[in-house]
Amino acid sequence: MFQSLEKTVQRAFQDHILARYGVAISVVIEQPKQTGFGELSVPAAFLLAKHLKQPPKKIASELVAEIGNLPGVAAMEIAGGGYINIRLDRAAYAEVLRHPPNADVSSAGKIVVEHTNINPNKAAHIGHLRNAVLGDTFVRMLRSGGQRVEVQNYIDNTGVQVADVVAGFHFLEKKTPDEVRALSEETRFDFLCWDLYARTSQNYKDNPETLAWRAETLHGIESGMGDLAEIGHLVADSIVQAHLKTMLRLGVTYDVLPRESEILHLKFWAAAYDLLKQAKAIYLEMEGKNAGCWVMPAAAFSADSEDNKVIVRSNGTVTYVGKDIAYQLWKFGLLGKDFFYRKLIAYDDGHEVWVTADHPAGPHPDFGHATRVYNVIDVRQSYLQDVVVAGLKALGAKAQAEESIHFSYEMVALSPRCCVDLGIDLSEEDRKRPYIEVSGRKGLGVKADDLIDKLIETALREVASRHPEDSPEKQRHISSQIAIGALRYFLLKYTRPTVIAFDFGEALSFEGETGPYVQYAAVRARNIMRKMAERGEAMPDFTAELPREAVGRQLASEDFWQMLLAASKADTAVEKAVAAGEPAHVARFAFQLAQTFNNFYHQFPILAEPDREKKVFLLWMTEYFRLQLDRTLAILGIEVPDFM
RNA sequence: GGGCGCGUAGCUCAGUUGGAUAGAGCAUUAGCCUUCUAAGCUAAGGGUCGCAGGUUCGAGUCCUGCCGCGCCUACCA
């Protein structure tokens, strides 16, 4: 609503300026910081002053006098050195909010968002949570704008990390596949692997000769036969299930899990290899340190670097980047091959998750064939992402290269204080650092499920003391919703390039700029309606009891108008956040919206309001706020509890 | 060495393609529960936006240089 008005005004000024002065400038529309200056502000006169060599103030008065009436605009005035401030027709504005036009569904192509991508060899940690929550929220943002989105979660089930855990079971622990299977049926297999991974890594360090285990395990896994391969499947499959379960606690779901094993078995890489060779995107290096390797020239992906990137090692095996190029080509439907698929699980709502298979397994939905791809991967992988895009470009897929977006974000690290909380000894050197990097190899990190459990316990103490009469199950459910709200908001409120130095104190806070603060506002709005029903009052019929003139009368109050205006900008905020690729902006909007509502709530006792028209209006405002809060929270993946 | 990012209140962070008096939260201080739930509200203090230049009507935002911090720069993924 607000945005379309903004566009109308923008176009009107631009056209008028072109017709009147013959100058084609791009007119900028701003929102004045001070509410007294109206709702929109046009600084175009400053820009024109330069072209016309006339004082901005004079031009501004000409514009205002000559542009005529604009729809939805009540008044225009000149302020400061030449700003044109615009005041909207409040009643007309509210009228549109009450009868919103149907949103159009985008007919554009499918967007693929790839996120989570956790190595299936250990429990998920907070760093993985940032990835998943960022990706999931961006998906929700895109979908709210009518986009068709497919969520992919890439599973590297044949890589070194899985191999190291397999080696740990086989060589270090001397476990048979059956014994590992028995262990995997224990509740915390992902935690067990977390420790084993750290132990195996330490063992490599202490006894470097045991690194031979890794090579042997990788071969075993690749051959697909024998104990090592069997343990490999057991570990990867059962850890993937654990990750899906962890992510579901946060409301994060997927459509398809493409696996590295199928990239290899279905010869995706072989196909990409041929394409790359044909296009001369890679060449066989004859001399130097990379002799015998197929490399991509540095010039393709980096302006300055002289280091070519090895795609195929001298022993003939492909690097991770090579496989990633093949995968990226498939996402766009450029590889000329497709996976087979089988259904992995269905969520309670019926939504199905599919996983790739290496042999036909019946009918399946269409996957891939994206027109745009977002890869949610942390910023440390920028170099590799550049190589992948360069690969696409070299193959002549210029358009797809431009639609390959590295949705990067900074890591989650541990604050020094957090390390102390976890009982981790820090070296003198580390203690001086602003934050400590999480390391799966060292077992250094905060496990996702541990953190969620801790959040739930914290919330439960509060819920139990506020609502002792409710059942323990209900209390736990509410606490869980609050915990997830707190966690998702915490991970989303930082902009992508900001390193999160994780700190239990801040993550466990439910006050101030937090998820529960926003949830609380939504709960309060609902409580008003509930209280009214309890008192036997019916919800008024707004169309009958609140005609346009009445809304106009009430909106004459500056407070009401400003509040309504703020609440009506939800769509605009999400749209801008999508354009900026920044979920944090949605989080911030949600917080501001909640602040505005809390203000409204505190300032105007609604049920006790004696004036009928005003009371009905206040109820309508409450209902509008509630709707906007619910919608915005849903985009953030945060549920509104029944009570708090 | 090169590339990317960061430096804004005591702390943690926002700040859209340059706009009017630089904003939140936490912490501190002082108030507000007989009212639709105080996970809330009101108010106060707290800033040479790393430093130095430049561009212009206007710079936290753009350009250059410098200082400090982090990440990347593998035949690991």
# chains A, B, ... in the order shown; residues from 1 in each chain; ligands from 1
$ interface_residues --of "chain B" --to "chain A" --cutoff "10 Å" --atoms "only C-alpha atoms (C1' of nucleotides)" --output "ChimeraX atom specification"
/B:2-6,12-14,16-17,19-21,24-26,35-37,39-41,57-58,69-77
$ residues_around --residues "G60 of chain B" --least-positions-apart "3" --cutoff "9 Å" --atoms "only C-alpha atoms (C1' of nucleotides)" --output "list in words"
U8, G15, A22 and C49 of chain B
$ write_last_selection --atoms "N, CA and C atoms (P, O5', C5', C4', C3', O3' and C1' of nucleotides)" --output "mmCIF file, in the first residue's frame"
data_model
loop_
_atom_site.group_PDB
_atom_site.id
_atom_site.type_symbol
_atom_site.label_atom_id
_atom_site.label_comp_id
_atom_site.auth_asym_id
_atom_site.auth_seq_id
_atom_site.Cartn_x
_atom_site.Cartn_y
_atom_site.Cartn_z
ATOM 1 P P U B 8 33.091 1.041 16.670
ATOM 2 O "O5'" U B 8 32.161 2.199 16.099
ATOM 3 C "C5'" U B 8 32.584 3.550 16.156
ATOM 4 C "C4'" U B 8 31.405 4.475 16.184
ATOM 5 C "C3'" U B 8 30.408 4.208 17.305
ATOM 6 O "O3'" U B 8 30.812 4.787 18.529
ATOM 7 C "C1'" U B 8 29.231 4.412 15.275
ATOM 8 P P G B 15 22.132 -1.753 8.690
ATOM 9 O "O5'" G B 15 21.878 -0.182 8.547
ATOM 10 C "C5'" G B 15 20.552 0.303 8.368
ATOM 11 C "C4'" G B 15 20.521 1.788 8.587
ATOM 12 C "C3'" G B 15 21.510 2.602 7.756
ATOM 13 O "O3'" G B 15 21.063 2.805 6.432
ATOM 14 C "C1'" G B 15 21.610 3.315 9.996
ATOM 15 P P A B 22 22.106 15.026 15.133
ATOM 16 O "O5'" A B 22 21.634 13.497 15.131
ATOM 17 C "C5'" A B 22 20.939 12.970 14.017
ATOM 18 C "C4'" A B 22 21.236 11.493 13.892
ATOM 19 C "C3'" A B 22 20.980 10.699 15.162
ATOM 20 O "O3'" A B 22 19.646 10.246 15.174
ATOM 21 C "C1'" A B 22 23.085 10.122 14.221
ATOM 22 P P C B 49 32.518 12.172 15.063
ATOM 23 O "O5'" C B 49 32.514 10.627 15.488
ATOM 24 C "C5'" C B 49 33.326 9.699 14.775
ATOM 25 C "C4'" C B 49 32.583 8.404 14.616
ATOM 26 C "C3'" C B 49 32.830 7.757 13.262
ATOM 27 O "O3'" C B 49 33.030 6.373 13.449
ATOM 28 C "C1'" C B 49 30.494 8.025 13.618
#
$ closest_residue --among "B:G65, B:G45, B:U56, B:C51" --to "G7 of chain B" --atoms "only C-alpha atoms (C1' of nucleotides)"
B:C51
$ select_by_dssp --residues "segment 97-160 of chain A" --states "strand (DSSP E)" --output "PyMOL selection string"
chain A and resi 110-114+148-152
$ atom_distance --atom1 "atom CA of Ser61 of chain A" --atom2 "atom CA of Ile29 of chain A"
17.1 Å
$ select_by_dssp --residues "segment 537-570 of chain A" --states "alpha helix (DSSP H)" --output "MDAnalysis selection string"
chainID A and resid 542:545 548:555 558:567 570
$ write_last_selection --atoms "N, CA and C atoms" --output "compact mmCIF listing (two decimals), in the first residue's frame"
# COMPACT_ATOMS: atom_id res chain seq x y z
N PHE A 542 -17.02 -4.05 11.65
CA PHE A 542 -16.30 -2.82 11.32
C PHE A 542 -16.89 -2.09 10.12
N THR A 543 -17.35 -2.83 9.14
CA THR A 543 -17.92 -2.17 7.95
C THR A 543 -19.13 -1.35 8.34
N ALA A 544 -19.95 -1.92 9.22
CA ALA A 544 -21.18 -1.21 9.60
C ALA A 544 -20.90 -0.11 10.61
N GLU A 545 -20.08 -0.41 11.59
CA GLU A 545 -19.90 0.54 12.69
C GLU A 545 -18.79 1.57 12.46
N ARG A 548 -16.15 5.25 6.64
CA ARG A 548 -14.98 6.01 6.25
C ARG A 548 -14.84 7.34 7.01
N GLU A 549 -15.98 8.04 7.21
CA GLU A 549 -15.91 9.34 7.90
C GLU A 549 -15.42 9.16 9.33
N ALA A 550 -15.88 8.07 9.97
CA ALA A 550 -15.48 7.83 11.35
C ALA A 550 -13.98 7.58 11.42
N VAL A 551 -13.45 6.79 10.49
CA VAL A 551 -12.01 6.52 10.45
C VAL A 551 -11.26 7.83 10.25
N GLY A 552 -11.79 8.66 9.34
CA GLY A 552 -11.17 9.95 9.09
C GLY A 552 -11.12 10.80 10.35
N ARG A 553 -12.23 10.82 11.09
CA ARG A 553 -12.29 11.60 12.35
C ARG A 553 -11.23 11.09 13.33
N GLN A 554 -11.17 9.79 13.50
CA GLN A 554 -10.23 9.22 14.48
C GLN A 554 -8.77 9.44 14.05
N LEU A 555 -8.55 9.34 12.76
CA LEU A 555 -7.16 9.49 12.28
C LEU A 555 -6.70 10.94 12.29
N GLU A 558 -2.96 12.68 15.65
CA GLU A 558 -1.62 12.41 15.12
C GLU A 558 -1.09 11.06 15.61
N ASP A 559 -1.36 10.74 16.86
CA ASP A 559 -0.87 9.47 17.42
C ASP A 559 -1.41 8.29 16.64
N PHE A 560 -2.73 8.28 16.45
CA PHE A 560 -3.34 7.15 15.74
C PHE A 560 -2.79 7.04 14.33
N TRP A 561 -2.70 8.17 13.68
CA TRP A 561 -2.24 8.17 12.30
C TRP A 561 -0.83 7.60 12.19
N GLN A 562 0.06 8.07 13.06
CA GLN A 562 1.44 7.60 13.00
C GLN A 562 1.53 6.10 13.28
N MET A 563 0.73 5.64 14.21
CA MET A 563 0.75 4.22 14.53
C MET A 563 0.25 3.37 13.37
N LEU A 564 -0.85 3.82 12.78
CA LEU A 564 -1.40 3.07 11.65
C LEU A 564 -0.41 3.07 10.49
N LEU A 565 0.17 4.22 10.27
CA LEU A 565 1.13 4.35 9.17
C LEU A 565 2.28 3.37 9.36
N ALA A 566 2.79 3.32 10.58
CA ALA A 566 3.93 2.43 10.87
C ALA A 566 3.52 0.98 10.62
N ALA A 567 2.33 0.61 11.09
CA ALA A 567 1.90 -0.78 10.94
C ALA A 567 1.66 -1.15 9.49
N ALA A 570 4.48 -2.97 6.64
CA ALA A 570 5.06 -4.31 6.71
C ALA A 570 5.48 -4.82 5.34
$ atom_distance --atom1 "atom CA of Phe332 of chain A" --atom2 "atom CA of Val373 of chain A"
7.9 Å
$ residues_around --residues "Leu248 of chain A" --least-positions-apart "4" --cutoff "12 Å" --atoms "only C-alpha atoms (C1' of nucleotides)" --output "list in words"
Leu129, Ala132, Val133, Asp136, Gln241, Ala242, His243, Leu244, Val252, Thr253, Tyr254, Ile345, Ala346, Tyr347, Asp348, Asp349, Val353, Ala448, Asp449, Ile452, Ile484 and Gly637 of chain A
$ closest_residue --among "A:Ala74, A:Leu627, A:Val578, A:Ala483" --to "Phe407 of chain A" --atoms "only C-alpha atoms"
A:Val578
$ atom_distance --atom1 "atom CA of Tyr624 of chain A" --atom2 "atom CA of Ser557 of chain A"
17.2 Å
$ decode --residues "segment 23-61 of chain B" --atoms "N, CA and C atoms (P, O5', C5', C4', C3', O3' and C1' of nucleotides)" --output "CSV table (one decimal), in the first residue's frame"
chain,number,residue,atom,x,y,z
B,23,G,P,18.6,10.9,16.1
B,23,G,O5',17.6,9.8,16.5
B,23,G,C5',17.9,8.9,17.5
B,23,G,C4',17.7,7.5,16.9
B,23,G,C3',17.5,6.5,18.0
B,23,G,O3',16.2,6.4,18.4
B,23,G,C1',19.1,5.7,16.4
B,24,A,P,15.8,6.2,19.9
B,24,A,O5',15.5,4.6,19.9
B,24,A,C5',16.4,3.7,20.4
B,24,A,C4',16.1,2.3,19.9
B,24,A,C3',16.4,1.3,21.0
B,24,A,O3',15.2,1.1,21.7
B,24,A,C1',17.8,0.8,19.2
B,25,G,P,15.2,1.1,23.3
B,25,G,O5',15.9,-0.3,23.6
B,25,G,C5',15.3,-1.5,23.2
B,25,G,C4',16.3,-2.6,23.3
B,25,G,C3',17.0,-2.7,24.7
B,25,G,O3',16.2,-3.4,25.6
B,25,G,C1',18.6,-2.8,23.0
B,26,C,P,16.4,-3.0,27.2
B,26,C,O5',17.8,-3.6,27.5
B,26,C,C5',18.1,-5.0,27.5
B,26,C,C4',19.6,-5.2,27.7
B,26,C,C3',20.1,-4.6,29.0
B,26,C,O3',19.9,-5.4,30.1
B,26,C,C1',21.6,-4.0,27.3
B,27,A,P,19.5,-4.8,31.5
B,27,A,O5',20.8,-4.0,31.9
B,27,A,C5',22.0,-4.7,32.3
B,27,A,C4',23.1,-3.8,32.5
B,27,A,C3',22.8,-2.6,33.5
B,27,A,O3',23.0,-3.0,34.8
B,27,A,C1',23.8,-1.8,31.5
B,28,U,P,22.0,-2.4,35.9
B,28,U,O5',22.4,-0.9,35.9
B,28,U,C5',23.7,-0.5,36.3
B,28,U,C4',23.9,1.0,36.3
B,28,U,C3',22.7,1.8,37.0
B,28,U,O3',22.9,1.8,38.4
B,28,U,C1',23.2,2.8,34.9
B,29,U,P,21.6,1.7,39.4
B,29,U,O5',21.0,3.2,39.2
B,29,U,C5',21.7,4.3,39.6
B,29,U,C4',21.0,5.6,39.2
B,29,U,C3',19.5,5.6,39.6
B,29,U,O3',19.3,6.0,40.9
B,29,U,C1',19.7,6.4,37.4
B,30,A,P,18.0,5.3,41.7
B,30,A,O5',16.8,6.2,41.1
B,30,A,C5',16.8,7.6,41.3
B,30,A,C4',15.7,8.3,40.6
B,30,A,C3',14.3,7.5,40.8
B,30,A,O3',13.7,7.8,42.0
B,30,A,C1',14.6,8.1,38.5
B,31,G,P,12.6,6.8,42.5
B,31,G,O5',11.4,7.4,41.7
B,31,G,C5',10.3,6.6,41.4
B,31,G,C4',9.4,7.2,40.4
B,31,G,C3',8.2,6.4,39.9
B,31,G,O3',7.1,6.6,40.8
B,31,G,C1',9.4,7.0,38.0
B,32,C,P,6.5,5.3,41.5
B,32,C,O5',5.6,4.7,40.3
B,32,C,C5',4.7,5.7,39.6
B,32,C,C4',4.1,5.0,38.4
B,32,C,C3',3.5,3.6,38.6
B,32,C,O3',2.2,3.7,39.2
B,32,C,C1',4.8,3.6,36.6
B,33,C,P,1.9,2.8,40.4
B,33,C,O5',1.7,1.3,39.7
B,33,C,C5',1.3,0.2,40.5
B,33,C,C4',0.6,-0.8,39.7
B,33,C,C3',0.0,-1.9,40.4
B,33,C,O3',-1.4,-1.6,40.8
B,33,C,C1',1.2,-2.7,38.6
B,34,U,P,-1.7,-1.0,42.2
B,34,U,O5',-3.2,-1.4,42.5
B,34,U,C5',-3.5,-2.8,42.5
B,34,U,C4',-4.9,-3.0,42.1
B,34,U,C3',-5.3,-2.5,40.7
B,34,U,O3',-6.2,-3.4,40.1
B,34,U,C1',-6.7,-1.5,42.3
B,35,U,P,-5.7,-3.9,38.7
B,35,U,O5',-6.3,-2.9,37.7
B,35,U,C5',-7.7,-2.8,37.4
B,35,U,C4',-7.9,-2.3,36.0
B,35,U,C3',-7.1,-3.1,35.0
B,35,U,O3',-7.9,-3.4,33.9
B,35,U,C1',-6.6,-0.8,34.9
B,36,C,P,-8.2,-4.9,33.6
B,36,C,O5',-7.8,-5.0,32.0
B,36,C,C5',-8.7,-5.8,31.2
B,36,C,C4',-7.9,-6.1,29.9
B,36,C,C3',-6.5,-6.5,30.1
B,36,C,O3',-6.4,-7.9,30.4
B,36,C,C1',-6.9,-5.2,28.1
B,37,U,P,-5.1,-8.8,30.4
B,37,U,O5',-3.8,-7.8,30.7
B,37,U,C5',-3.5,-7.4,32.0
B,37,U,C4',-2.1,-7.9,32.4
B,37,U,C3',-0.9,-7.2,31.7
B,37,U,O3',-0.1,-6.7,32.7
B,37,U,C1',-0.7,-9.6,31.7
B,38,A,P,0.7,-5.3,32.5
B,38,A,O5',2.3,-5.7,32.8
B,38,A,C5',3.2,-5.9,31.7
B,38,A,C4',4.6,-6.2,32.3
B,38,A,C3',4.5,-7.2,33.4
B,38,A,O3',5.8,-7.9,33.4
B,38,A,C1',5.3,-5.2,34.3
B,39,A,P,5.9,-9.3,32.6
B,39,A,O5',6.9,-8.9,31.4
B,39,A,C5',8.2,-8.5,31.7
B,39,A,C4',9.1,-8.8,30.5
B,39,A,C3',8.6,-8.3,29.2
B,39,A,O3',9.7,-8.0,28.3
B,39,A,C1',8.7,-10.7,29.1
B,40,G,P,10.2,-6.5,28.3
B,40,G,O5',8.8,-5.7,28.3
B,40,G,C5',7.9,-5.8,27.2
B,40,G,C4',6.7,-4.9,27.5
B,40,G,C3',7.0,-3.4,27.6
B,40,G,O3',7.1,-2.8,26.4
B,40,G,C1',5.7,-4.0,29.5
B,41,C,P,8.0,-1.5,26.1
B,41,C,O5',7.2,-0.4,26.9
B,41,C,C5',6.0,0.1,26.4
B,41,C,C4',5.5,1.1,27.3
B,41,C,C3',6.4,2.4,27.5
B,41,C,O3',6.2,3.3,26.5
B,41,C,C1',5.6,1.6,29.6
B,42,U,P,7.5,4.2,26.0
B,42,U,O5',7.5,5.3,27.2
B,42,U,C5',6.5,6.1,27.4
B,42,U,C4',6.8,7.0,28.6
B,42,U,C3',8.1,7.7,28.5
B,42,U,O3',8.1,8.9,27.7
B,42,U,C1',7.8,6.9,30.7
B,43,A,P,9.4,9.3,26.9
B,43,A,O5',10.4,9.8,28.0
B,43,A,C5',10.1,11.0,28.7
B,43,A,C4',11.0,11.1,29.9
B,43,A,C3',12.5,11.2,29.6
B,43,A,O3',12.9,12.5,29.1
B,43,A,C1',12.1,9.8,31.5
B,44,A,P,14.2,12.6,28.2
B,44,A,O5',15.4,12.5,29.3
B,44,A,C5',15.5,13.4,30.4
B,44,A,C4',16.6,13.0,31.3
B,44,A,C3',17.9,12.8,30.7
B,44,A,O3',18.6,14.0,30.4
B,44,A,C1',17.5,11.0,32.2
B,45,G,P,19.5,14.2,29.1
B,45,G,O5',20.9,13.5,29.6
B,45,G,C5',21.6,14.1,30.7
B,45,G,C4',22.6,13.1,31.2
B,45,G,C3',23.6,12.5,30.3
B,45,G,O3',24.7,13.4,30.1
B,45,G,C1',22.6,10.7,31.4
B,46,G,P,25.2,13.8,28.6
B,46,G,O5',25.9,12.5,28.1
B,46,G,C5',27.0,12.0,28.9
B,46,G,C4',27.3,10.6,28.5
B,46,G,C3',27.5,10.3,27.0
B,46,G,O3',28.8,10.6,26.6
B,46,G,C1',26.0,8.7,27.8
B,47,G,P,29.1,11.7,25.5
B,47,G,O5',30.0,10.8,24.5
B,47,G,C5',29.5,9.7,23.8
B,47,G,C4',30.0,9.7,22.4
B,47,G,C3',30.6,11.0,21.9
B,47,G,O3',31.7,10.7,21.0
B,47,G,C1',28.7,10.3,20.6
B,48,U,P,33.1,11.4,21.3
B,48,U,O5',33.4,12.3,20.0
B,48,U,C5',32.5,13.2,19.6
B,48,U,C4',33.1,14.0,18.4
B,48,U,C3',33.6,13.1,17.3
B,48,U,O3',32.5,12.9,16.4
B,48,U,C1',35.3,14.6,17.9
B,49,C,P,32.5,12.2,15.1
B,49,C,O5',32.5,10.6,15.5
B,49,C,C5',33.3,9.7,14.8
B,49,C,C4',32.6,8.4,14.6
B,49,C,C3',32.8,7.8,13.3
B,49,C,O3',33.0,6.4,13.4
B,49,C,C1',30.5,8.0,13.6
B,50,G,P,34.1,5.6,12.5
B,50,G,O5',35.5,5.9,13.2
B,50,G,C5',35.7,5.8,14.6
B,50,G,C4',37.1,5.8,14.9
B,50,G,C3',37.9,6.9,14.3
B,50,G,O3',37.9,8.1,15.0
B,50,G,C1',39.0,4.9,13.9
B,51,C,P,37.7,9.5,14.3
B,51,C,O5',39.2,9.8,13.7
B,51,C,C5',40.3,9.8,14.6
B,51,C,C4',41.6,10.0,13.9
B,51,C,C3',41.6,11.1,12.8
B,51,C,O3',41.8,12.4,13.3
B,51,C,C1',42.5,9.1,11.9
B,52,A,P,41.1,13.6,12.6
B,52,A,O5',41.9,13.7,11.2
B,52,A,C5',43.3,14.0,11.2
B,52,A,C4',43.9,14.0,9.8
B,52,A,C3',43.1,14.8,8.8
B,52,A,O3',43.3,16.2,9.0
B,52,A,C1',43.7,12.7,7.9
B,53,G,P,42.4,17.2,8.2
B,53,G,O5',42.9,17.2,6.7
B,53,G,C5',42.1,17.5,5.6
B,53,G,C4',42.7,16.9,4.4
B,53,G,C3',41.8,17.0,3.2
B,53,G,O3',41.9,18.3,2.6
B,53,G,C1',42.4,14.8,3.4
B,54,G,P,40.6,19.1,2.3
B,54,G,O5',40.0,18.4,1.0
B,54,G,C5',40.8,18.2,-0.1
B,54,G,C4',40.2,17.1,-1.1
B,54,G,C3',38.8,17.5,-1.6
B,54,G,O3',38.8,18.4,-2.6
B,54,G,C1',38.9,15.2,-0.9
B,55,U,P,37.6,19.4,-2.8
B,55,U,O5',36.5,18.4,-3.5
B,55,U,C5',36.8,17.8,-4.7
B,55,U,C4',35.6,16.9,-5.0
B,55,U,C3',34.2,17.6,-4.9
B,55,U,O3',33.9,18.3,-6.0
B,55,U,C1',34.2,15.4,-3.9
B,56,U,P,33.0,19.6,-5.8
B,56,U,O5',31.7,19.1,-5.1
B,56,U,C5',30.7,18.5,-5.9
B,56,U,C4',29.3,18.8,-5.2
B,56,U,C3',29.2,20.3,-5.0
B,56,U,O3',27.8,20.7,-5.1
B,56,U,C1',29.2,19.2,-2.9
B,57,C,P,27.5,22.3,-5.1
B,57,C,O5',27.0,22.6,-3.6
B,57,C,C5',27.1,23.9,-3.0
B,57,C,C4',26.2,23.9,-1.9
B,57,C,C3',26.4,22.8,-0.8
B,57,C,O3',27.4,23.2,0.1
B,57,C,C1',24.1,23.0,-1.4
B,58,G,P,28.5,22.1,0.5
B,58,G,O5',27.6,21.0,1.2
B,58,G,C5',27.1,21.3,2.6
B,58,G,C4',26.2,20.2,3.0
B,58,G,C3',26.8,18.8,3.1
B,58,G,O3',27.5,18.6,4.3
B,58,G,C1',24.7,18.7,2.0
B,59,A,P,28.7,17.6,4.4
B,59,A,O5',28.1,16.2,4.2
B,59,A,C5',27.2,15.6,5.1
B,59,A,C4',27.6,14.2,5.5
B,59,A,C3',28.9,14.1,6.2
B,59,A,O3',28.9,12.9,7.0
B,59,A,C1',29.0,13.0,4.1
B,60,G,P,28.5,13.0,8.5
B,60,G,O5',28.7,11.6,9.1
B,60,G,C5',30.0,11.1,9.3
B,60,G,C4',30.0,9.6,9.3
B,60,G,C3',29.8,9.0,7.9
B,60,G,O3',31.1,8.8,7.3
B,60,G,C1',28.2,8.0,9.4
B,61,U,P,31.2,9.0,5.7
B,61,U,O5',30.2,8.0,5.0
B,61,U,C5',30.3,6.6,5.1
B,61,U,C4',29.2,5.9,4.4
B,61,U,C3',29.1,6.2,2.9
B,61,U,O3',28.8,5.0,2.2
B,61,U,C1',27.1,6.9,4.0
